[in-house]
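Undergrad: Input file: work.txt. Contents: compact mmCIF, C-alpha atoms and all ligand atoms.
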```txt
# COMPACT_ATOMS: atom_id res chain seq x y z
CA LYS W 1225 12.84 -19.97 11.61
CA PRO W 1226 14.03 -19.32 8.06
CA ILE W 1227 11.52 -17.39 5.95
CA ILE W 1228 11.60 -15.71 2.55
CA LEU W 1229 10.28 -12.19 2.05
CA LEU W 1230 9.54 -11.07 -1.52
CA GLY W 1231 10.11 -7.47 -2.60
CA SER W 1232 12.75 -4.79 -2.89
CA GLY W 1233 11.54 -1.52 -1.39
CA ALA W 1234 11.58 0.35 1.89
CA ARG W 1235 8.36 -1.46 2.82
CA GLU W 1236 10.19 -4.78 2.60
CA HIS W 1237 13.08 -3.37 4.60
CA ALA W 1238 10.61 -2.46 7.36
CA MET W 1239 8.98 -5.90 7.11
CA ALA W 1240 12.34 -7.66 7.25
CA ALA W 1241 13.41 -5.57 10.27
CA LYS W 1242 10.18 -6.34 12.11
CA LEU W 1243 10.21 -10.07 11.32
CA THR W 1244 13.85 -10.25 12.41
CA ARG W 1245 12.92 -8.55 15.68
CA ASP W 1246 10.19 -11.16 16.06
CA GLY W 1247 12.79 -13.93 15.86
CA ALA W 1248 12.67 -14.97 12.20
CA SER W 1249 15.72 -15.49 10.02
CA VAL W 1250 14.70 -13.52 6.93
CA GLN W 1251 16.04 -13.93 3.40
CA VAL W 1252 14.85 -11.17 1.07
CA VAL W 1253 14.23 -11.79 -2.64
CA PRO W 1254 15.50 -9.74 -4.36
CA GLY W 1255 15.92 -7.10 -1.64
CA ASN W 1256 18.30 -4.18 -2.15
CA ALA W 1257 21.64 -2.77 -1.06
CA GLY W 1258 20.39 -1.70 2.35
CA ILE W 1259 18.40 -4.78 3.35
CA PRO W 1260 20.42 -7.51 5.09
CA ASN W 1261 20.27 -10.99 3.49
CA SER W 1262 19.18 -9.70 0.08
CA HIS W 1263 19.37 -11.95 -3.00
CA PRO W 1264 19.61 -9.71 -6.06
CA GLY W 1265 20.17 -12.71 -8.34
CA LEU W 1266 16.82 -14.32 -7.56
CA ASP W 1267 13.70 -13.25 -9.47
CA PRO W 1268 10.58 -13.12 -7.24
CA LEU W 1269 8.43 -13.94 -10.28
CA ASP W 1270 10.38 -17.11 -11.14
CA PHE W 1271 8.42 -19.41 -8.85
CA ALA W 1272 10.30 -22.59 -9.76
CA ALA W 1273 13.63 -20.98 -8.84
CA LEU W 1274 12.04 -19.61 -5.69
CA GLU W 1275 10.82 -23.07 -4.73
CA ALA W 1276 14.24 -24.60 -5.33
CA TYR W 1277 15.85 -21.94 -3.16
CA ALA W 1278 13.20 -22.32 -0.44
CA ARG W 1279 13.65 -26.11 -0.33
CA HIS W 1280 17.41 -25.76 -0.22
CA GLN W 1281 17.14 -23.38 2.74
CA GLY W 1282 14.45 -25.36 4.57
CA VAL W 1283 12.03 -22.44 4.24
CA ARG W 1284 8.36 -23.17 5.01
CA LEU W 1285 7.00 -19.62 4.84
CA ILE W 1286 7.06 -17.01 2.09
CA VAL W 1287 5.80 -13.52 2.97
CA VAL W 1288 4.93 -11.28 0.02
CA GLY W 1289 5.56 -7.52 0.09
CA PRO W 1290 4.39 -6.08 -3.25
CA GLU W 1291 1.35 -6.85 -5.43
CA ALA W 1292 3.17 -8.11 -8.54
CA PRO W 1293 4.05 -11.64 -7.29
CA LEU W 1294 0.51 -12.01 -5.93
CA ALA W 1295 -1.12 -10.92 -9.19
CA ALA W 1296 1.27 -13.31 -10.96
CA GLY W 1297 0.01 -16.19 -8.78
CA VAL W 1298 2.75 -16.95 -6.23
CA ALA W 1299 0.14 -18.14 -3.69
CA ASP W 1300 -1.52 -20.36 -6.33
CA TYR W 1301 1.83 -21.86 -7.29
CA PHE W 1302 2.54 -23.02 -3.73
CA ALA W 1303 -1.08 -23.91 -2.86
CA GLY W 1304 -1.34 -27.38 -1.35
CA SER W 1305 2.42 -27.67 -0.83
CA ASP W 1306 4.25 -27.63 2.49
CA ILE W 1307 5.53 -24.11 1.76
CA LYS W 1308 2.95 -21.57 2.97
CA VAL W 1309 2.52 -18.18 1.33
CA PHE W 1310 1.31 -15.16 3.28
CA GLY W 1311 -0.61 -13.27 0.61
CA PRO W 1312 -3.75 -13.97 -1.40
CA THR W 1313 -4.12 -16.09 -4.51
CA LYS W 1314 -4.49 -14.53 -7.96
CA ALA W 1315 -8.27 -14.50 -7.49
CA GLY W 1316 -7.94 -12.62 -4.21
CA ALA W 1317 -5.41 -10.23 -5.74
CA LEU W 1318 -8.15 -9.15 -8.19
CA LEU W 1319 -9.45 -6.97 -5.37
CA GLU W 1320 -6.49 -4.76 -6.17
CA SER W 1321 -5.47 -5.65 -9.70
CA SER W 1322 -8.87 -4.96 -11.30
CA LYS W 1323 -10.71 -1.83 -10.22
CA VAL W 1324 -13.83 -2.86 -12.15
CA TRP W 1325 -13.90 -6.28 -10.50
CA SER W 1326 -13.20 -4.80 -7.10
CA LYS W 1327 -16.00 -2.24 -7.44
CA ASP W 1328 -18.40 -5.05 -8.37
CA PHE W 1329 -17.29 -6.99 -5.30
CA MET W 1330 -17.97 -3.95 -3.09
CA ARG W 1331 -21.43 -3.60 -4.63
CA ARG W 1332 -22.30 -7.29 -4.33
CA HIS W 1333 -21.54 -7.23 -0.63
CA GLY W 1334 -22.81 -3.81 0.37
CA VAL W 1335 -19.43 -2.23 1.12
CA ALA W 1336 -19.81 1.57 1.42
CA THR W 1337 -18.14 3.08 -1.66
CA ALA W 1338 -18.50 5.74 -4.36
CA GLN W 1339 -21.02 5.14 -7.15
CA ALA W 1340 -19.30 4.06 -10.33
CA TRP W 1341 -19.95 3.20 -13.95
CA PRO W 1342 -17.75 0.75 -15.87
CA PHE W 1343 -16.81 1.37 -19.51
CA ARG W 1344 -14.74 -0.37 -22.15
CA SER W 1345 -12.18 1.31 -24.35
CA ASP W 1346 -14.69 1.57 -27.25
CA GLU W 1347 -17.18 3.43 -25.05
CA VAL W 1348 -15.23 6.61 -24.35
CA ASP W 1349 -17.97 8.77 -25.90
CA ALA W 1350 -20.54 7.35 -23.52
CA ALA W 1351 -18.13 7.95 -20.64
CA ARG W 1352 -17.68 11.56 -21.77
CA ALA W 1353 -21.46 12.02 -21.75
CA LYS W 1354 -21.75 10.50 -18.28
CA ALA W 1355 -18.94 12.71 -16.97
CA ALA W 1356 -20.72 15.79 -18.37
CA GLU W 1357 -23.96 14.69 -16.72
CA LEU W 1358 -22.07 14.57 -13.40
CA GLY W 1359 -20.74 18.10 -13.95
CA GLY W 1360 -17.21 16.75 -14.41
CA GLN W 1361 -16.99 15.86 -10.69
CA VAL W 1362 -15.68 12.41 -11.49
CA VAL W 1363 -12.68 10.17 -11.04
CA VAL W 1364 -11.47 8.20 -14.05
CA LYS W 1365 -9.73 4.93 -13.17
CA TYR W 1366 -7.94 2.62 -15.55
CA ASP W 1367 -8.93 -0.96 -14.71
CA GLY W 1368 -5.54 -2.64 -14.29
CA LEU W 1369 -2.44 -2.15 -12.16
CA ALA W 1370 -0.94 1.20 -13.04
CA ALA W 1371 1.28 2.00 -10.06
CA GLY W 1372 -0.92 4.87 -8.94
CA LYS W 1373 -0.79 6.48 -12.37
CA GLY W 1374 -4.12 5.34 -13.83
CA VAL W 1375 -6.32 7.56 -11.66
CA TYR W 1376 -7.53 11.03 -12.68
CA VAL W 1377 -9.45 13.14 -10.15
CA CYS W 1378 -11.46 15.71 -12.13
CA GLY W 1379 -13.24 18.89 -11.08
CA SER W 1380 -14.82 20.06 -14.34
CA PRO W 1381 -16.15 18.66 -17.63
CA ALA W 1382 -13.00 19.94 -19.36
CA GLU W 1383 -10.80 18.07 -16.89
CA ALA W 1384 -12.84 14.92 -17.34
CA THR W 1385 -12.50 15.19 -21.13
CA ALA W 1386 -8.76 15.72 -20.79
CA ALA W 1387 -8.52 12.68 -18.48
CA LEU W 1388 -10.38 10.48 -20.96
CA ASP W 1389 -8.18 11.75 -23.81
CA ASP W 1390 -5.09 10.99 -21.74
CA LEU W 1391 -6.38 7.51 -20.97
CA GLN W 1392 -6.83 6.86 -24.68
CA ALA W 1393 -3.37 8.19 -25.43
CA HIS W 1394 -1.71 6.04 -22.74
CA TYR W 1395 -3.41 2.72 -23.20
CA THR W 1396 -3.90 0.89 -26.43
CA GLY W 1397 -5.73 -2.31 -27.24
CA TRP W 1398 -8.70 -3.53 -25.27
CA TYR W 1399 -9.13 -2.20 -21.76
CA SER W 1400 -11.79 -1.22 -19.24
CA PHE W 1401 -12.07 1.76 -16.97
CA LEU W 1402 -14.35 3.16 -14.30
CA LEU W 1403 -15.97 6.52 -14.02
CA GLU W 1404 -16.57 7.21 -10.37
CA GLU W 1405 -18.50 9.81 -8.45
CA ARG W 1406 -15.96 12.22 -6.90
CA LEU W 1407 -16.14 12.15 -3.11
CA THR W 1408 -14.68 14.62 -0.62
CA GLY W 1409 -13.18 14.32 2.83
CA PRO W 1410 -9.95 13.31 4.56
CA GLU W 1411 -8.42 9.98 3.64
CA ILE W 1412 -7.10 7.30 5.96
CA SER W 1413 -5.49 3.92 5.43
CA ILE W 1414 -6.52 0.92 7.46
CA ILE W 1415 -4.63 -2.31 7.07
CA GLY W 1416 -5.51 -5.64 8.58
CA LEU W 1417 -4.34 -9.22 8.55
CA THR W 1418 -7.04 -11.62 7.48
CA ASP W 1419 -7.55 -15.34 6.97
CA GLY W 1420 -10.82 -14.62 5.17
CA HIS W 1421 -12.83 -15.00 8.38
CA GLU W 1422 -11.17 -12.82 10.98
CA MET W 1423 -9.59 -9.42 10.51
CA LYS W 1424 -7.03 -7.96 12.88
CA LEU W 1425 -6.48 -4.27 12.20
CA LEU W 1426 -3.20 -2.44 12.64
CA ALA W 1427 -3.12 1.24 13.60
CA THR W 1428 -4.79 3.84 11.40
CA SER W 1429 -2.39 5.73 9.16
CA GLN W 1430 -2.28 8.48 6.57
CA ASP W 1431 -0.23 8.57 3.39
CA HIS W 1432 0.84 11.69 1.46
CA LYS W 1433 0.57 10.79 -2.19
CA GLN W 1434 1.19 14.11 -3.89
CA LEU W 1435 4.72 15.29 -4.51
CA LEU W 1436 4.39 18.82 -3.15
CA ALA W 1437 3.36 20.51 0.08
CA GLY W 1438 -0.34 21.11 0.53
CA ASP W 1439 -1.20 17.96 -1.45
CA GLU W 1440 -0.25 19.67 -4.71
CA GLY W 1441 1.60 18.36 -7.72
CA PRO W 1442 1.64 14.94 -9.33
CA ASN W 1443 0.77 11.69 -7.60
CA THR W 1444 3.67 9.55 -6.40
CA GLY W 1445 4.00 6.17 -4.75
CA GLY W 1446 3.78 8.11 -1.47
CA MET W 1447 6.02 10.80 0.04
CA GLY W 1448 5.49 10.03 3.71
CA ALA W 1449 3.09 8.59 6.25
CA TYR W 1450 2.27 8.67 9.93
CA CYS W 1451 0.32 6.71 12.51
CA PRO W 1452 -1.92 6.65 14.41
CA VAL W 1453 -4.36 9.19 12.92
CA PRO W 1454 -5.69 11.43 15.73
CA PHE W 1455 -9.11 12.11 14.19
CA ALA W 1456 -9.86 8.46 13.46
CA ASP W 1457 -11.55 8.00 16.83
CA ASP W 1458 -13.60 5.07 18.11
CA ASN W 1459 -16.80 6.35 16.44
CA VAL W 1460 -15.12 6.62 13.06
CA LEU W 1461 -13.58 3.18 13.50
CA ALA W 1462 -16.91 1.63 14.50
CA ASP W 1463 -18.50 3.01 11.30
CA ILE W 1464 -15.61 1.69 9.24
CA ARG W 1465 -15.95 -1.77 10.76
CA ARG W 1466 -19.71 -1.86 10.19
CA ASP W 1467 -19.85 -0.34 6.69
CA ILE W 1468 -16.57 -1.51 5.17
CA VAL W 1469 -14.62 -4.21 7.06
CA GLU W 1470 -17.48 -6.52 7.99
CA PRO W 1471 -19.23 -6.50 4.60
CA THR W 1472 -15.83 -7.22 3.05
CA LEU W 1473 -15.30 -10.23 5.31
CA ARG W 1474 -18.78 -11.52 4.51
CA GLY W 1475 -17.93 -11.15 0.83
CA LEU W 1476 -14.66 -13.07 1.19
CA GLN W 1477 -16.56 -15.88 2.92
CA ASN W 1478 -19.52 -15.94 0.51
CA GLU W 1479 -17.26 -16.12 -2.49
CA GLN W 1480 -15.01 -18.65 -0.78
CA PHE W 1481 -11.79 -16.84 -1.35
CA GLU W 1482 -8.64 -18.35 0.04
CA PHE W 1483 -7.51 -14.98 1.32
CA ARG W 1484 -4.67 -15.08 3.81
CA GLY W 1485 -2.66 -11.93 3.92
CA PHE W 1486 -2.75 -8.20 4.41
CA LEU W 1487 -5.81 -6.36 3.22
CA TYR W 1488 -5.57 -2.60 2.88
CA PHE W 1489 -8.58 -0.30 2.90
CA GLY W 1490 -8.07 3.14 1.36
CA ILE W 1491 -10.92 5.10 2.94
CA MET W 1492 -12.38 8.59 2.54
CA LEU W 1493 -14.32 10.04 5.48
CA THR W 1494 -17.09 11.76 3.53
CA PRO W 1495 -19.96 13.87 4.91
CA THR W 1496 -22.18 10.79 4.52
CA GLY W 1497 -19.84 8.40 6.30
CA PRO W 1498 -16.69 6.46 5.46
CA LYS W 1499 -16.44 5.20 1.88
CA LEU W 1500 -13.97 2.69 0.50
CA LEU W 1501 -11.87 4.07 -2.36
CA GLU W 1502 -9.84 0.95 -2.95
CA TYR W 1503 -8.48 -2.31 -1.64
CA ASN W 1504 -4.84 -3.24 -1.83
CA VAL W 1505 -3.85 -6.81 -1.09
CA ARG W 1506 -0.63 -5.89 0.71
CA LEU W 1507 0.83 -3.42 3.17
CA GLY W 1508 0.97 0.15 1.93
CA ASP W 1509 4.33 1.73 1.20
CA PRO W 1510 5.17 4.09 3.04
CA GLU W 1511 2.47 3.12 5.60
CA ALA W 1512 4.36 -0.09 6.48
CA GLU W 1513 7.42 1.95 7.45
CA VAL W 1514 5.48 3.57 10.31
CA LEU W 1515 2.98 0.78 11.13
CA LEU W 1516 5.59 -1.91 11.70
CA PRO W 1517 7.85 0.12 14.03
CA ALA W 1518 4.63 1.02 15.88
CA MET W 1519 3.64 -2.60 16.30
CA ASP W 1520 4.30 -4.17 19.67
CA SER W 1521 2.85 -7.61 18.87
CA SER W 1522 4.84 -10.14 16.92
CA LEU W 1523 4.09 -9.89 13.20
CA LEU W 1524 5.58 -13.35 12.78
CA ALA W 1525 3.10 -14.80 15.30
CA LEU W 1526 0.21 -12.99 13.59
CA ILE W 1527 1.26 -14.32 10.18
CA GLU W 1528 1.58 -17.85 11.52
CA ALA W 1529 -1.83 -17.57 13.19
CA THR W 1530 -3.34 -16.34 9.92
CA LEU W 1531 -2.00 -19.39 8.13
CA ASP W 1532 -2.97 -21.97 10.74
CA GLY W 1533 -6.46 -20.66 11.39
CA SER W 1534 -5.90 -19.31 14.90
CA LEU W 1535 -6.03 -15.58 14.09
CA ALA W 1536 -9.16 -15.11 16.25
CA ARG W 1537 -7.07 -15.69 19.38
CA GLN W 1538 -4.49 -13.03 18.49
CA VAL W 1539 -4.42 -9.45 19.72
CA VAL W 1540 -2.60 -6.63 17.93
CA ARG W 1541 -0.93 -4.36 20.45
CA GLN W 1542 0.56 -1.00 19.46
CA ARG W 1543 3.47 0.77 21.05
CA PRO W 1544 2.66 4.14 22.61
CA GLY W 1545 3.44 7.43 20.90
CA ALA W 1546 3.41 8.52 17.28
CA TYR W 1547 5.39 7.39 14.22
CA VAL W 1548 6.29 9.55 11.23
CA GLY W 1549 8.06 8.43 8.06
CA VAL W 1550 9.43 10.84 5.47
CA VAL W 1551 10.60 9.76 2.03
CA LEU W 1552 13.93 11.01 0.72
CA ALA W 1553 13.35 11.11 -3.01
CA SER W 1554 15.44 11.83 -6.07
CA GLY W 1555 14.80 15.22 -7.68
CA GLY W 1556 12.76 14.69 -10.83
CA TYR W 1557 10.70 11.82 -9.42
CA PRO W 1558 7.91 10.83 -10.23
CA ALA W 1559 8.68 11.70 -13.86
CA SER W 1560 11.11 9.32 -15.52
CA GLY W 1561 14.63 9.97 -16.73
CA PHE W 1562 16.03 11.76 -13.66
CA PRO W 1563 19.68 11.05 -12.85
CA THR W 1564 20.66 8.54 -10.13
CA GLY W 1565 23.91 7.03 -8.87
CA PHE W 1566 24.63 9.85 -6.40
CA PRO W 1567 26.52 8.93 -3.21
CA ILE W 1568 24.45 8.91 -0.01
CA THR W 1569 26.02 10.14 3.24
CA GLY W 1570 24.89 10.69 6.81
CA LEU W 1571 23.15 7.40 7.51
CA ASP W 1572 25.71 6.49 10.16
CA ASN W 1573 24.79 9.09 12.73
CA LEU W 1574 21.01 9.23 12.83
CA PRO W 1575 19.48 10.26 16.15
CA ALA W 1576 18.00 7.66 18.53
CA GLY W 1577 14.38 6.83 17.72
CA VAL W 1578 14.93 6.90 13.96
CA GLU W 1579 15.09 3.91 11.63
CA ALA W 1580 16.30 4.18 8.03
CA PHE W 1581 14.58 1.93 5.50
CA HIS W 1582 16.17 1.58 2.09
CA GLY W 1583 14.08 1.83 -1.06
CA ALA W 1584 16.02 2.63 -4.20
CA THR W 1585 19.63 2.32 -3.14
CA ARG W 1586 22.53 0.28 -4.51
CA ARG W 1587 26.25 -0.12 -4.02
CA GLY W 1588 28.40 1.78 -6.51
CA ALA W 1589 31.61 0.39 -8.01
CA ASP W 1590 33.66 1.41 -4.96
CA GLY W 1591 31.13 -0.07 -2.52
CA GLN W 1592 29.70 3.36 -1.75
CA LEU W 1593 25.93 3.51 -1.20
CA VAL W 1594 24.30 5.46 -4.08
CA THR W 1595 20.80 6.43 -5.22
CA ASN W 1596 19.08 4.00 -7.56
CA GLY W 1597 15.60 5.36 -8.29
CA GLY W 1598 12.78 7.63 -7.16
CA ARG W 1599 12.05 6.84 -3.54
CA VAL W 1600 15.54 6.36 -2.15
CA LEU W 1601 15.04 6.07 1.63
CA VAL W 1602 12.35 6.35 4.25
CA LEU W 1603 13.35 7.73 7.65
CA SER W 1604 10.87 6.61 10.27
CA ALA W 1605 10.84 8.39 13.63
CA GLN W 1606 9.11 7.64 16.91
CA GLY W 1607 8.10 10.31 19.42
CA PRO W 1608 5.79 10.84 22.36
CA THR W 1609 3.53 13.06 20.23
CA LEU W 1610 2.91 13.47 16.52
CA ALA W 1611 4.67 16.86 16.62
CA ALA W 1612 7.74 15.38 18.34
CA ALA W 1613 7.95 12.44 15.92
CA THR W 1614 7.57 14.81 12.97
CA ALA W 1615 10.34 17.11 14.23
CA LEU W 1616 12.64 14.11 14.76
CA ALA W 1617 11.93 12.70 11.29
CA TYR W 1618 12.84 16.03 9.65
CA GLU W 1619 15.91 16.43 11.86
CA ALA W 1620 17.08 13.02 10.62
CA ALA W 1621 16.15 13.82 7.01
CA ALA W 1622 18.39 16.91 7.15
CA LEU W 1623 21.37 14.77 8.23
CA VAL W 1624 21.22 12.49 5.18
CA SER W 1625 22.61 13.94 1.95
CA PHE W 1626 22.70 13.10 -1.72
CA GLN W 1627 22.62 15.24 -4.82
CA ASP W 1628 19.11 16.41 -5.84
CA LYS W 1629 17.54 15.10 -2.62
CA TYR W 1630 13.87 16.06 -2.32
CA VAL W 1631 11.79 15.76 0.86
CA ARG W 1632 8.19 16.88 0.97
CA PRO W 1633 8.16 19.44 3.80
CA ASP W 1634 4.72 18.92 5.37
CA ILE W 1635 4.36 15.20 6.19
CA ALA W 1636 2.06 14.65 9.19
CA GLN W 1637 1.20 18.35 9.29
CA ARG W 1638 -2.20 18.47 7.62
CA PRO W 1639 -4.58 20.68 9.59
CA ALA W 1640 -7.02 18.56 11.61
CA PRO W 1641 -10.12 18.05 9.46
CA VAL W 1642 -13.60 18.98 10.60
CA LEU W 1643 -15.58 15.78 10.33
CA THR W 1644 -19.08 16.76 9.35
CA GLN W 1645 -20.86 13.51 10.07
P1 LIG G 1701 -2.71 3.50 -5.00
O1 LIG G 1701 -1.41 4.09 -5.42
O2 LIG G 1701 -3.17 3.92 -3.64
O3 LIG G 1701 -2.82 2.03 -5.20
P2 LIG G 1701 -4.58 3.69 -7.10
O4 LIG G 1701 -3.95 4.08 -8.36
O5 LIG G 1701 -4.89 2.25 -6.92
O6 LIG G 1701 -3.76 4.23 -5.92
P3 LIG G 1701 -6.99 4.82 -5.90
O7 LIG G 1701 -6.47 4.63 -4.54
O8 LIG G 1701 -8.27 4.21 -6.26
O9 LIG G 1701 -5.92 4.51 -7.03
O10 LIG G 1701 -7.06 6.38 -6.07
C1 LIG G 1701 -5.93 7.18 -5.86
C2 LIG G 1701 -6.32 8.47 -5.18
O11 LIG G 1701 -7.31 9.14 -5.97
C3 LIG G 1701 -6.97 8.26 -3.83
O12 LIG G 1701 -6.03 8.16 -2.81
C4 LIG G 1701 -7.82 9.52 -3.72
O13 LIG G 1701 -7.06 10.62 -3.29
C5 LIG G 1701 -8.26 9.76 -5.12
N1 LIG G 1701 -9.59 9.17 -5.35
C6 LIG G 1701 -9.86 7.91 -5.75
N2 LIG G 1701 -11.19 7.70 -5.85
C7 LIG G 1701 -11.78 8.86 -5.50
C8 LIG G 1701 -13.14 9.30 -5.42
N3 LIG G 1701 -14.17 8.51 -5.72
N4 LIG G 1701 -13.37 10.58 -5.04
C9 LIG G 1701 -12.35 11.42 -4.75
N5 LIG G 1701 -11.04 11.07 -4.81
C10 LIG G 1701 -10.75 9.81 -5.19
```
Would it be possible to restate this file's structure as structure tokens?
Ligand code: ATP
TA:
Amino acid sequence: KPIILLGSGAREHAMAAKLTRDGASVQVVPGNAGIPNSHPGLDPLDFAALEAYARHQGVRLIVVGPEAPLAAGVADYFAGSDIKVFGPTKAGALLESSKVWSKDFMRRHGVATAQAWPFRSDEVDAARAKAAELGGQVVVKYDGLAAGKGVYVCGSPAEATAALDDLQAHYTGWYSFLLEERLTGPEISIIGLTDGHEMKLLATSQDHKQLLAGDEGPNTGGMGAYCPVPFADDNVLADIRRDIVEPTLRGLQNEQFEFRGFLYFGIMLTPTGPKLLEYNVRLGDPEAEVLLPAMDSSLLALIEATLDGSLARQVVRQRPGAYVGVVLASGGYPASGFPTGFPITGLDNLPAGVEAFHGATRRGADGQLVTNGGRVLVLSAQGPTLAAATALAYEAAALVSFQDKYVRPDIAQRPAPVLTQ
């Protein structure tokens, strides 16, 4: 079954590997140096070219990895045609691409979430006053897609003021932003496949967004992830279903979204129950790099069932054990301007139980694999316990070398939280 997968990161490498295991013949647009069947010459945002290529190859299914093609309307472009897209339409993608819209959606449908106040760019003074009233315990969120860089978590009025100043310095023209009540508690990611009526959840996972050990330093796209999360027990999951997943599904139905794709819930387990921080309309990266190796069921079958309305009959089975993915990053990331192009060695003799997913890699002039950006590789390890999988992931990470390699040292090693609810 020929299918096209859109995207170019380690997430897409993991998706391509899983779909291939499930029996699909996957062409990746544009892909990268490490993903088989990549097409660097094709632009995933040029839908006409994509359609021509799909028709030429007899492709009837396009699976979307990242948010950009969804926000640009790839599902709308192919709507009503014989080529199916796994991923929401532009309207559905608003759940991720506009934080103000998404917060309103949560409110309209009673999804448990932080209180929030929307402002426009000419209302920064009012936002400053509101932040002061809340003692500076606020989160400032730029409305649009900002690749994880439009969110400021503040702990004092001075920090809130600095965040609002920074927002004004970074964004010009007309924009909106949210001021949100700052919540506390451990975070988990829950990702499901949905056709807008049913939701089939994958394992629980945890990302590590900050660059440095102990969740310090700047935010990144994610430095590592693991699954399943030991403290997300059946009680926690039941609360999440009742307070977050089910109200979301009712909302998708009431508003008659054509939503067929992955839906990601970024959740904080607060002292007053789980609260939704955000939706993403895609698999998380690096969560996908542990969730897909952990998946026993066929992703291809689940995707097909989502598109033909038979998702209710599907079951998602997980493989036993634990899965840990660590990101091998370029020194200097997530700031810009760090050097790349360094040769990568050691990928040939990784231990059993480890998969290497390529993010920012390319082939140098002599065909040698070299670094090509911030998050270069994700090494994903399986083990009987979380500790064993973690040890194996770091053993593998030590075997792969390139100049200025940086690996956050404490992935999957957060102390178990005390859940107060
Ligand atoms: P992502 O890269 O996950 O898409 P994003 O830029 O869309 O991130 P959010 O997920 O909304 O932004 O927020 C990023 C991080 O900020 C969260 O993972 C969480 O750690 C923190 N955060 C967001 N909202 C709150 C809140 N209300 N209280 C406390 N922390 C928060």
Undergrad: Which residue out of W:Gly1588, W:Gly1409, W:Gly1549, W:Gly1360 has the minimum interatomic distance to Arg1235 in chain W when all atoms listed in the file are used?
TA: W:Gly1549
Undergrad: Find the residue from W:Ala1605, W:Ile1468, W:Ala1276, W:Cys1378 that sits nearest to ligand LIG 1701 (chain G); use all atoms listed in the file when measuring.
TA: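 Checking each of W:Ala1605, W:Ile1468, W:Ala1276, W:Cys1378 against ligand LIG 1701 (chain G), counting all atoms listed in the file, the winner is W:Cys1378.
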Undergrad: Which residues, written as a PyMOL selection string, have at least one atom at most 12 Å from Glu1502 in chain W, with only C-alpha atoms counted and residues fewer than 4 positions away on the same chain left out?
TA: chain W and resi 1318-1330+1335-1338+1365+1367+1372+1375+1404+1411-1415+1468+1472+1487-1492+1508
Undergrad: Which of these residues is nearest to ligand LIG 1701 (chain G), using all atoms listed in the file: W:Val1578, W:Leu1369, W:Ala1615, W:Ala1622?
TA: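 Closest to ligand LIG 1701 (chain G), using all atoms listed in the file: W:Leu1369.
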Undergrad: Per residue of chain W within 7 Å of ligand LIG 1701 (chain G), what are the shortest atom pair and its distance in Å to one decimal, counting only C-alpha atoms and all ligand atoms, with rows by chain and residue number, as CSV?
TA:
```
residue,atom,partner,partner_atom,distance
W:Ala1338,CA,G:LIG1701,N3,5.3
W:Val1363,CA,G:LIG1701,C8,5.7
W:Ala1370,CA,G:LIG1701,O4,6.3
W:Ala1371,CA,G:LIG1701,O1,5.8
W:Gly1372,CA,G:LIG1701,O4,3.2
W:Lys1373,CA,G:LIG1701,O4,5.6
W:Gly1374,CA,G:LIG1701,O4,5.6
W:Val1375,CA,G:LIG1701,O4,5.3
W:Tyr1376,CA,G:LIG1701,O11,7.0
W:Val1377,CA,G:LIG1701,N5,5.9
W:Glu1404,CA,G:LIG1701,N3,5.4
W:Glu1405,CA,G:LIG1701,N3,5.3
W:Arg1406,CA,G:LIG1701,N4,3.6
W:Leu1407,CA,G:LIG1701,N4,3.7
W:Thr1408,CA,G:LIG1701,C9,5.7
W:Gly1445,CA,G:LIG1701,O1,5.8
W:Gly1490,CA,G:LIG1701,O7,6.3
W:Leu1501,CA,G:LIG1701,N2,5.1
W:Glu1502,CA,G:LIG1701,O8,4.9
W:Asn1504,CA,G:LIG1701,O3,6.6
```
Undergrad: Quick one: pull the distance between CA of Asp1467 in chain W and CA of Leu1524 in chain W, Å, one decimal.
TA: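 For CA of Asp1467 in chain W relative to CA of Leu1524 in chain W, the distance reads 29.2 Å.
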Undergrad: For Glu1291 in chain W, find every residue with an atom within 7 Å (counting all atoms listed in the file), except residues of its own chain fewer than 4 positions away, and show them as a PyMOL selection string.
TA: chain W and resi 1295+1505-1506
Undergrad: Suppose you want the space between CA of Ser1232 in chain W and CA of Leu1616 in chain W; what is it in Å?
TA: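 Those two atoms sit 25.9 Å apart.
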Undergrad: Between CA of Glu1482 in chain W and CA of Thr1428 in chain W, what is the distance, to one decimal in Å?
TA: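 So the answer is 25.2 Å.
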Undergrad: I need the residue nearest Pro1510 in chain W from this list: W:Val1348, W:Ala1382, W:Ala1238, W:Val1253. Use only C-alpha atoms for the distance.
TA: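 Between W:Val1348, W:Ala1382, W:Ala1238, W:Val1253, the residue approaching Pro1510 in chain W most closely is W:Ala1238.
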Undergrad: Between W:Thr1396, W:Gln1361, W:Asn1573, W:Ser1625, single out the one closest to Ser1380 in chain W, counting only C-alpha atoms.
TA: W:Gln1361
Undergrad: May I ask which of the residues W:Leu1425, W:Leu1493, W:Ala1611, W:Ala1386 is the closest one to Ala1456 in chain W, counting all atoms listed in the file?
TA: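 Smallest distance to Ala1456 in chain W is found for W:Leu1493.
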Undergrad: Write out as a PyMOL selection string the residues lying within 10 Å of Gly1289 in chain W, counting all atoms listed in the file and excluding same-chain residues fewer than 6 positions away.
TA: chain W and resi 1229-1233+1235-1237+1239-1240+1310-1311+1486+1505-1509+1512
Undergrad: Compile the contact shell of range 1244-1250 of chain W as a PyMOL selection string: residues with an atom at most 9 Å away, counting all atoms listed in the file, same-chain residues fewer than 5 positions apart removed.
TA: chain W and resi 1225-1229+1239+1260-1261+1521-1525
Undergrad: Using all atoms listed in the file, what residues lie at most 9 Å away from (24.9, -2.7, -1.0) (file coordinates), given as JSON, numbers by chain?
TA: {"W": [1256, 1257, 1258, 1259, 1260, 1585, 1586, 1587, 1588, 1591, 1592, 1593, 1594]}
